[in-house]
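This report concerns only the one structure given below.
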Amino acid sequence: MNYHDIKLKLASEGVETADLEARILLEDIARIAKSEFFFARDKVLSEDISKRINDIIDRRVQGESLWRILGYRDFWKSRFYLSPDTLEPRPDTETLIEEVLHDHHSPKRILDLGTGTGCILLSLLQEFPDATGVAVDKAQGACVAATENAKRLGLENRATILNGSWFDPIPEGQKFDLIVSNPPYIPSQEIRNLQIEVKNHDPILALDGGEDGLLPYKYLCSNLKRYLEADGIVVLEFGVGQAFDITRIVEEAGATLIRVTNDLGGVPRVIKFRYGDN
Ligand SMILES: C[S@@+](CC[C@H](N)C(=O)[O-])C[C@H]1O[C@@H](n2cnc3c(N)ncnc32)[C@H](O)[C@@H]1O
């Protein structure tokens, strides 16, 4: 088996990103560095490596994503380890990080609500070396994964991971100058129509945004102000087609819209706002 066989096998099973995934398998399982890849494409892999790759392909074609099988996903500048309780970080969420960096605002205290692997908070702490942060998740397993990721990235002294629902675990009186969140936003009825990779392997708690997919935003927007410094900023990710409703929810909560930003695919994806005239 070589790279061409892996790619062909994945493609023939309907995997759209067969080329990319074949390269990742070579890098991850056969330990062929990206820089050596060009010359190693025709190299015949050992029996042991071929078997491991075949086993992964078998799982892959059953509908597990490659990242779920490998147990990690790269996001922004780092690698985040997954657990069954964490969503796989998505490239769209990097738009949220870009939006935070956009105005050269330098937050000192960051709150990330629904942290999953910790990818948002930990990436922001890497960008802002003077900042500390708190991350909350209702899933205990996500908190364990986020804590582990914080340690691996050497950020455990600046990140506090708390288990509980939204603001519940935050000690009274704590305020933040940046609050971020990528809450669950899929309408409950639409979950069954999602790709198998998502509906069978991403945790339901990370997906289900209630009847209209907007429930977490309504709750968060009406409570955020209590936890935000007077000059604080909020940046939230939302789903495809939700820009109008989210903007309405933000404005009805008395906040001032700063901007809605598109992701790399040109789809409105992130909203930035503040409260009052600060
Ligand atoms: C869409 S996922 C985002 C995960 C991660 N921030 C990311 O961008 O990859 C939403 C996260 O919110 C968490 N969550 C859902 N309901 C919650 C609640 N009531 N309180 C706290 N976290 C919650 C889920 O467990 C999940 O980790």
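So you can find residues: chains in the structure tokens are A, B, ... in the order shown, residues in each start at 1, and ligands are numbered from 1 in order.
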
List as a short mmCIF file (atom, residue, chain, number, x, y, z; two decimals) with N, CA and C atoms, in the first residue's frame the protein and nucleic acid residues near Phe244 in chain A, meaning an atom at most 12 Å away when only C-alpha atoms are counted, but skip any in the same chain fewer than 3 places from it.
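That gives us result-v7.cif:
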```cif
data_model
loop_
_atom_site.label_atom_id
_atom_site.label_comp_id
_atom_site.auth_asym_id
_atom_site.auth_seq_id
_atom_site.Cartn_x
_atom_site.Cartn_y
_atom_site.Cartn_z
N LEU A 214 -31.80 28.93 18.79
CA LEU A 214 -31.38 30.25 19.29
C LEU A 214 -31.43 30.35 20.81
N PHE A 238 -22.16 31.95 15.41
CA PHE A 238 -23.52 31.45 15.21
C PHE A 238 -23.57 30.65 13.92
N GLY A 239 -24.74 30.03 13.66
CA GLY A 239 -24.87 29.10 12.53
C GLY A 239 -25.31 29.78 11.24
N VAL A 240 -25.26 29.00 10.18
CA VAL A 240 -25.64 29.49 8.85
C VAL A 240 -27.10 29.96 8.88
N GLY A 241 -27.33 31.18 8.37
CA GLY A 241 -28.71 31.69 8.27
C GLY A 241 -29.23 32.31 9.56
N THR A 247 -28.70 39.09 15.50
CA THR A 247 -28.57 40.55 15.62
C THR A 247 -29.77 41.11 16.38
N ARG A 248 -30.94 40.58 16.08
CA ARG A 248 -32.16 41.03 16.78
C ARG A 248 -32.06 40.71 18.28
N ILE A 249 -31.61 39.49 18.60
CA ILE A 249 -31.50 39.08 20.01
C ILE A 249 -30.52 40.00 20.75
N VAL A 250 -29.40 40.28 20.09
CA VAL A 250 -28.37 41.14 20.70
C VAL A 250 -28.94 42.54 20.95
N GLU A 251 -29.64 43.09 19.96
CA GLU A 251 -30.17 44.45 20.11
C GLU A 251 -31.30 44.49 21.14
N VAL A 260 -20.83 42.25 12.27
CA VAL A 260 -21.02 40.83 11.95
C VAL A 260 -19.97 40.49 10.91
N PRO A 268 -21.96 34.76 6.94
CA PRO A 268 -21.94 35.47 8.23
C PRO A 268 -21.83 34.46 9.37
N ARG A 269 -20.88 34.67 10.28
CA ARG A 269 -20.53 33.61 11.22
C ARG A 269 -20.30 34.09 12.65
N VAL A 270 -19.91 35.38 12.79
CA VAL A 270 -19.49 35.84 14.11
C VAL A 270 -20.08 37.23 14.37
N ILE A 271 -20.56 37.44 15.58
CA ILE A 271 -21.08 38.77 15.93
C ILE A 271 -20.28 39.34 17.09
#
```

(request) Report as number ranges by chain which protein, DNA and RNA residues come within 8 Å of ligand 1, using only C-alpha atoms and all ligand atoms. (result) A: 85-90, 93, 112-120, 136-139, 142, 163-167, 181-185, 203, 205-208, 216

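The nearest approach to Asp58 in chain A among the residues A:Ile29, A:Lys43, A:Arg23, A:Glu13, with only C-alpha atoms taken into account, belongs to A:Glu13.
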
(request) Per DSSP on the backbone, filter range 66-165 of chain A down to the residues in alpha helix (DSSP H) and report them as a VMD selection string. (result) chain A and resid 66 to 70 94 to 102 119 to 127 140 to 152

May I have the residues from that selection written out with N, CA and C atoms, as a short mmCIF file (atom, residue, chain, number, x, y, z; two decimals), in the first residue's frame?
```cif
data_model
loop_
_atom_site.label_atom_id
_atom_site.label_comp_id
_atom_site.auth_asym_id
_atom_site.auth_seq_id
_atom_site.Cartn_x
_atom_site.Cartn_y
_atom_site.Cartn_z
N LEU A 66 -12.04 11.61 10.27
CA LEU A 66 -10.64 11.20 10.48
C LEU A 66 -10.10 11.75 11.80
N TRP A 67 -10.52 12.97 12.12
CA TRP A 67 -10.01 13.60 13.36
C TRP A 67 -10.50 12.86 14.58
N ARG A 68 -11.77 12.47 14.55
CA ARG A 68 -12.33 11.72 15.68
C ARG A 68 -11.52 10.42 15.87
N ILE A 69 -11.18 9.77 14.75
CA ILE A 69 -10.44 8.50 14.85
C ILE A 69 -9.02 8.76 15.39
N LEU A 70 -8.39 9.81 14.88
CA LEU A 70 -7.02 10.10 15.32
C LEU A 70 -6.99 10.69 16.74
N GLU A 94 -12.29 29.63 13.73
CA GLU A 94 -11.11 30.50 13.71
C GLU A 94 -11.49 31.94 13.35
N THR A 95 -12.66 32.12 12.70
CA THR A 95 -13.15 33.47 12.41
C THR A 95 -13.36 34.24 13.71
N LEU A 96 -13.79 33.51 14.76
CA LEU A 96 -14.00 34.17 16.06
C LEU A 96 -12.66 34.69 16.61
N ILE A 97 -11.63 33.88 16.47
CA ILE A 97 -10.30 34.30 16.97
C ILE A 97 -9.84 35.54 16.17
N GLU A 98 -10.02 35.46 14.84
CA GLU A 98 -9.60 36.61 14.00
C GLU A 98 -10.36 37.86 14.39
N GLU A 99 -11.65 37.70 14.67
CA GLU A 99 -12.46 38.87 15.02
C GLU A 99 -11.98 39.49 16.34
N VAL A 100 -11.58 38.66 17.30
CA VAL A 100 -11.07 39.20 18.56
C VAL A 100 -9.78 40.00 18.28
N LEU A 101 -8.94 39.49 17.39
CA LEU A 101 -7.65 40.14 17.13
C LEU A 101 -7.81 41.40 16.27
N HIS A 102 -8.92 41.47 15.55
CA HIS A 102 -9.14 42.51 14.55
C HIS A 102 -8.90 43.94 15.06
N CYS A 119 -10.49 25.05 22.81
CA CYS A 119 -9.76 25.63 21.67
C CYS A 119 -9.85 27.15 21.59
N ILE A 120 -11.00 27.73 21.94
CA ILE A 120 -11.12 29.20 21.79
C ILE A 120 -10.31 29.89 22.90
N LEU A 121 -10.61 29.54 24.15
CA LEU A 121 -9.90 30.21 25.25
C LEU A 121 -8.38 30.01 25.13
N LEU A 122 -7.96 28.78 24.89
CA LEU A 122 -6.51 28.49 24.91
C LEU A 122 -5.80 29.18 23.74
N SER A 123 -6.46 29.25 22.60
CA SER A 123 -5.85 29.96 21.46
C SER A 123 -5.73 31.45 21.78
N LEU A 124 -6.76 32.00 22.44
CA LEU A 124 -6.69 33.43 22.78
C LEU A 124 -5.61 33.68 23.83
N LEU A 125 -5.47 32.77 24.78
CA LEU A 125 -4.41 32.96 25.80
C LEU A 125 -3.02 32.91 25.15
N GLN A 126 -2.90 32.11 24.08
CA GLN A 126 -1.61 32.10 23.38
C GLN A 126 -1.37 33.44 22.68
N GLU A 127 -2.44 34.04 22.18
CA GLU A 127 -2.30 35.33 21.48
C GLU A 127 -2.07 36.48 22.46
N GLN A 140 -18.87 17.34 31.86
CA GLN A 140 -17.69 17.07 32.70
C GLN A 140 -16.52 16.58 31.85
N GLY A 141 -16.82 15.70 30.87
CA GLY A 141 -15.77 15.15 30.01
C GLY A 141 -15.09 16.23 29.18
N ALA A 142 -15.84 17.25 28.79
CA ALA A 142 -15.23 18.36 28.03
C ALA A 142 -14.27 19.12 28.94
N CYS A 143 -14.66 19.30 30.20
CA CYS A 143 -13.79 20.02 31.15
C CYS A 143 -12.49 19.25 31.35
N VAL A 144 -12.58 17.93 31.41
CA VAL A 144 -11.36 17.12 31.57
C VAL A 144 -10.47 17.31 30.35
N ALA A 145 -11.07 17.27 29.15
CA ALA A 145 -10.28 17.43 27.91
C ALA A 145 -9.66 18.83 27.84
N ALA A 146 -10.44 19.85 28.20
CA ALA A 146 -9.92 21.22 28.13
C ALA A 146 -8.78 21.41 29.13
N THR A 147 -8.91 20.79 30.32
CA THR A 147 -7.85 20.90 31.33
C THR A 147 -6.57 20.23 30.81
N GLU A 148 -6.75 19.08 30.18
CA GLU A 148 -5.61 18.35 29.61
C GLU A 148 -4.96 19.17 28.50
N ASN A 149 -5.77 19.76 27.63
CA ASN A 149 -5.22 20.58 26.55
C ASN A 149 -4.48 21.79 27.10
N ALA A 150 -5.02 22.38 28.16
CA ALA A 150 -4.35 23.55 28.78
C ALA A 150 -2.96 23.12 29.27
N LYS A 151 -2.88 21.95 29.89
CA LYS A 151 -1.58 21.47 30.40
C LYS A 151 -0.62 21.22 29.26
N ARG A 152 -1.08 20.54 28.23
CA ARG A 152 -0.20 20.22 27.09
C ARG A 152 0.35 21.49 26.45
#
```

Could you list, as a PDB file with C-alpha atoms, in the first residue's frame, every residue within 12 Å of Glu36 in chain A, counting only C-alpha atoms and ignoring same-chain residues fewer than 5 positions away?
```pdb
ATOM      1  CA  ARG A  23      -1.663  12.888   3.380  1.00  0.00           C
ATOM      2  CA  LEU A  26       0.926   9.279   5.861  1.00  0.00           C
ATOM      3  CA  GLU A  27       2.061  11.970   8.239  1.00  0.00           C
ATOM      4  CA  ALA A  30       3.519   6.354   8.647  1.00  0.00           C
ATOM      5  CA  ARG A  31       5.418   9.282  10.259  1.00  0.00           C
ATOM      6  CA  ARG A  41       4.339   9.288  -2.361  1.00  0.00           C
ATOM      7  CA  ASP A  42       5.286   6.049  -4.125  1.00  0.00           C
ATOM      8  CA  LYS A  43       6.931   4.428  -1.117  1.00  0.00           C
TER       9      LYS A  43
END
```

(message) Quick check, in Å to one decimal: how far apart do CA of Ile6 in chain A and CA of Ser50 in chain A lie?
(response)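 So the answer is 9.1 Å.
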
(request) Pull the strand (DSSP E) assignments for range 31-156 of chain A out of DSSP run on the backbone, and list those residues as a PyMOL selection string. (result) chain A and resi 72-75+78-81+109-113+132-137

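With distances restricted to only C-alpha atoms, A:Tyr217 is the closest residue to Gln242 in chain A from A:Glu229, A:Tyr217, A:Lys7, A:Pro169.
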
(request) Would you please work out which residue, of A:Gln195, A:Ile24, A:Arg259, A:Val134, is nearest to Pro171 in chain A when using only C-alpha atoms? (result)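 Checking each of A:Gln195, A:Ile24, A:Arg259, A:Val134 against Pro171 in chain A, counting only C-alpha atoms, the winner is A:Val134.
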
(request) Rank nothing, just name the residue among A:Gly14, A:Gly173, A:Gly209, A:Pro91 nearest to Gly265 in chain A, using only C-alpha atoms. (result)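 Among the listed residues, the smallest separation from Gly265 in chain A belongs to A:Pro91.
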
(request) Find the residues near Ala22 in chain A: any atom within 10 Å, counting only C-alpha atoms, skip ones fewer than 3 places away on the same chain, and give them as a ChimeraX atom specification. (result) /A:2-11,17-19,25-28,53,57

(message) From the options A:Lys199, A:Lys225, A:Arg192, A:Arg158, which residue's atoms come nearest to Ile179 in chain A, counting only C-alpha atoms?
(response)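 Once distances to Ile179 in chain A are computed over only C-alpha atoms, the minimum belongs to A:Lys225.
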
(message) Using only C-alpha atoms for the distances, tell me which of A:Asp92, A:Gln189, A:Arg226, A:Ile32 is nearest to Asp212 in chain A.
(response)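 Going through A:Asp92, A:Gln189, A:Arg226, A:Ile32 one by one, the smallest distance to Asp212 in chain A is for A:Gln189.
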